Amino acid sequence: MTDDTSGVFSRRSFVKTTTLATAGLALPRTLSALSHGTSAEALRVGVIGCGGRGSGAVNDCLKAGGENVVLVAMGDLFPDRLERARTNLAKIASENPAFAKQFKVTPEMSFSGFDAYKKVLAADIDLVILATPPGFRPMHLAAAVAAGKHIFTEKPVAVDAAGIRSVIASAQAAKAKNLAVVAGTQRRHDPAYVDVMRRVHDGAIGELTGGQVYWNQGGLWNAARQAGWSDAEWQIRNWLYFTWLSGDHIVEQHIHNIDVANWAMRAHPVRAVGVGGRQWRTDGAYGHIFDHFAIDFEYPDGAHVMSMCRQIDGTANHVGERFTGTRGTTDGSSKITGAKSYTWAGEKKNPYVEEHVDLLASIKAGKPLNELQQVAESTLTAIMGREAAYTGQAIVWDDLLNAAQDLTPPTQGFGSLSVPPVPMPGTTKIARAWNG
């Protein structure tokens, strides 16, 4: 690991200076080889964040691009996680000649430490995959745009209001620099969802009056604290369970379904009220987040969408969406029932790969996709739901967007770091700072 621990929790000051400077920095280089469909000069990719999702996104990107895409740089905060990912990818390359042509990461292009993201972005890459815990995403997005890189970013893209404002600024800067930015809300790239949603927007179920979105499942992984881990290292390795890192599971996971609601409604909600709590994961090993939420989102035209998510073992599982209109209903993904009933019967494709297919195609065509504004809005929708449950109060979109909310811890590096108290509805206020 490098000794550079500066800036790990100072993302706000970095973002402020970076976003102001983006217009005058590097522009994406012209990818003539991609434009002509040859492999003479492949698109060069780097990844920041080498956990399961980062490694998965790398595989999906390489599969989508074929010989026109090569992975040349990797970075992660933790040396052990970097080495594990690199070893696993090297093993795949040793067994798959086609993949071996795409995996070009040398030890010299493998970076760890708090400054690893800077080194990946300084490398000779065209596209960067951002897959660290979400709390770091605004900083990494701003840096990637400043460096003139096309971007695939995992969702969510922030955990607080200050982060959302930074991401919106990055979206505007990326557009000005003609950079492609595609987000890991893969339902937007699933052919079935795309087809059904187009029909809904064309009036297949009439005027939308409301809906329900769900992500109910059992518990997820937990990283037991190891001897020698500081407070900060344990929290980052166990990032799911700390709001400053994950945003809580309504933001980190349920954003998928919330994004579909915004897509169906063609708007973001203006108000949210909700409930939530921590009944099953009560041990301190699970940080301070909730294990269930239920939120009522009100949209500009008066329609309401009920959002429910839960991570509790032994309970009924359900992941999906349902929307009601004046002339029918839809699950958003395959069926329409009503005046214009329809069942999608097209070719099933892997949406995790298709999002990269669409990203690469947009770069090749010189018409880069930019999904950053829409995923920022879906992320803030999820944050609005979280704050409604945490506080027990009605949360208004504009108030939250402009709130002085910055969950960045004050601690630098791998030092001591307290765990904020579990939110208590009726008492908890919208957090302005770490323990505010």
# chains A, B, ... in the order shown; residues from 1 in each chain; ligands from 1
>>> select_by_dssp(residues="region 322-434 of chain A", states="alpha helix (DSSP H)", output="PyMOL selection string")
chain A and resi 351-364+372-391+397-401
>>> select_by_dssp(residues="region 50-294 of chain A", states="strand (DSSP E)", output="ChimeraX atom specification")
/A:69-76,110-112,127-130,150-153,181-183,208-217,271-277,292-294
>>> residues_around(residues="region 358-369 of chain A", least_positions_apart="4", cutoff="12 Å", atoms="only C-alpha atoms", output="ChimeraX atom specification")
/A:28-38,42-45,60-66,68-69,126-129,149-153,171,174-184,186,188-191,351-354,373-374
>>> atom_distance(atom1="CA of Gly426 (chain A)", atom2="CA of Tyr390 (chain A)")
8.3 Å
>>> closest_atom_pairs(of="region 38-71 of chain A", to="region 137-142 of chain A", cutoff="12 Å", atoms="only C-alpha atoms", output="Markdown table")
| residue | atom | partner | partner_atom | distance |
| --- | --- | --- | --- | --- |
| A:Val47 | CA | A:His140 | CA | 11.2 |
| A:Ile48 | CA | A:His140 | CA | 8.6 |
| A:Gly49 | CA | A:Arg137 | CA | 10.5 |
>>> write_last_selection(atoms="all heavy atoms", output="PDB file, in the first residue's frame")
ATOM      1  N   VAL A  47      -9.953   0.113 -14.190  1.00  0.00           N
ATOM      2  CA  VAL A  47     -11.005  -0.095 -13.205  1.00  0.00           C
ATOM      3  C   VAL A  47     -10.538   0.420 -11.853  1.00  0.00           C
ATOM      4  O   VAL A  47      -9.398   0.198 -11.448  1.00  0.00           O
ATOM      5  CB  VAL A  47     -11.419  -1.580 -13.114  1.00  0.00           C
ATOM      6  CG1 VAL A  47     -10.241  -2.479 -12.750  1.00  0.00           C
ATOM      7  CG2 VAL A  47     -12.560  -1.766 -12.123  1.00  0.00           C
ATOM      8  N   ILE A  48     -11.418   1.125 -11.153  1.00  0.00           N
ATOM      9  CA  ILE A  48     -11.161   1.623  -9.807  1.00  0.00           C
ATOM     10  C   ILE A  48     -12.175   0.965  -8.889  1.00  0.00           C
ATOM     11  O   ILE A  48     -13.369   1.223  -8.976  1.00  0.00           O
ATOM     12  CB  ILE A  48     -11.291   3.158  -9.742  1.00  0.00           C
ATOM     13  CG1 ILE A  48     -10.283   3.807 -10.685  1.00  0.00           C
ATOM     14  CG2 ILE A  48     -11.102   3.655  -8.312  1.00  0.00           C
ATOM     15  CD1 ILE A  48     -10.500   5.306 -10.874  1.00  0.00           C
ATOM     16  N   GLY A  49     -11.691   0.074  -8.032  1.00  0.00           N
ATOM     17  CA  GLY A  49     -12.549  -0.723  -7.169  1.00  0.00           C
ATOM     18  C   GLY A  49     -12.623  -2.138  -7.685  1.00  0.00           C
ATOM     19  O   GLY A  49     -13.307  -2.410  -8.665  1.00  0.00           O
TER      20      GLY A  49
END
>>> closest_atom_pairs(of="region 69-162 of chain A", to="region 400-409 of chain A", cutoff="8 Å", atoms="only C-alpha atoms", output="CSV")
residue,atom,partner,partner_atom,distance
A:Gly135,CA,A:Thr408,CA,7.9
A:Val159,CA,A:Leu407,CA,7.6
A:Asp160,CA,A:Asp406,CA,6.0
A:Ala161,CA,A:Gln405,CA,5.3
A:Ala162,CA,A:Asp406,CA,5.5
>>> closest_residue(among="A:Met424, A:Ile383, A:Val194, A:Val145", to="Ser334 (chain A)", atoms="only C-alpha atoms")
A:Val194
>>> closest_residue(among="A:Leu220, A:Ala264, A:Ala204, A:Ile92", to="Asp313 (chain A)", atoms="only C-alpha atoms")
A:Leu220
>>> residues_around(residues="region 302-310 of chain A", least_positions_apart="4", cutoff="8 Å", atoms="only C-alpha atoms", output="ChimeraX atom specification")
/A:208-218,250,254,258,261,291-298
>>> write_last_selection(atoms="C-alpha atoms", output="PDB file, in the first residue's frame")
ATOM      1  CA  LEU A 208     -50.141   6.429 -15.056  1.00  0.00           C
ATOM      2  CA  THR A 209     -51.854   6.760 -11.680  1.00  0.00           C
ATOM      3  CA  GLY A 210     -49.396   4.958  -9.396  1.00  0.00           C
ATOM      4  CA  GLY A 211     -47.306   1.909  -8.744  1.00  0.00           C
ATOM      5  CA  GLN A 212     -45.308  -0.269  -6.403  1.00  0.00           C
ATOM      6  CA  VAL A 213     -41.611  -1.196  -6.448  1.00  0.00           C
ATOM      7  CA  TYR A 214     -39.969  -3.881  -4.332  1.00  0.00           C
ATOM      8  CA  TRP A 215     -36.637  -5.359  -3.321  1.00  0.00           C
ATOM      9  CA  ASN A 216     -37.322  -7.771  -0.482  1.00  0.00           C
ATOM     10  CA  GLN A 217     -34.746 -10.467   0.274  1.00  0.00           C
ATOM     11  CA  GLY A 218     -32.634 -12.024   2.991  1.00  0.00           C
ATOM     12  CA  ILE A 250     -32.551   1.543   0.071  1.00  0.00           C
ATOM     13  CA  HIS A 254     -33.289  -0.671  -4.012  1.00  0.00           C
ATOM     14  CA  ILE A 258     -36.707   3.242  -7.683  1.00  0.00           C
ATOM     15  CA  ALA A 261     -40.304   4.118 -11.059  1.00  0.00           C
ATOM     16  CA  ASP A 291     -33.003  -3.575   7.615  1.00  0.00           C
ATOM     17  CA  HIS A 292     -36.397  -2.503   6.189  1.00  0.00           C
ATOM     18  CA  PHE A 293     -38.045   0.529   4.589  1.00  0.00           C
ATOM     19  CA  ALA A 294     -41.480   1.394   3.183  1.00  0.00           C
ATOM     20  CA  ILE A 295     -41.792   4.753   1.417  1.00  0.00           C
ATOM     21  CA  ASP A 296     -44.637   6.626  -0.265  1.00  0.00           C
ATOM     22  CA  PHE A 297     -43.232   8.724  -3.121  1.00  0.00           C
ATOM     23  CA  GLU A 298     -45.445  11.491  -4.510  1.00  0.00           C
TER      24      GLU A 298
END
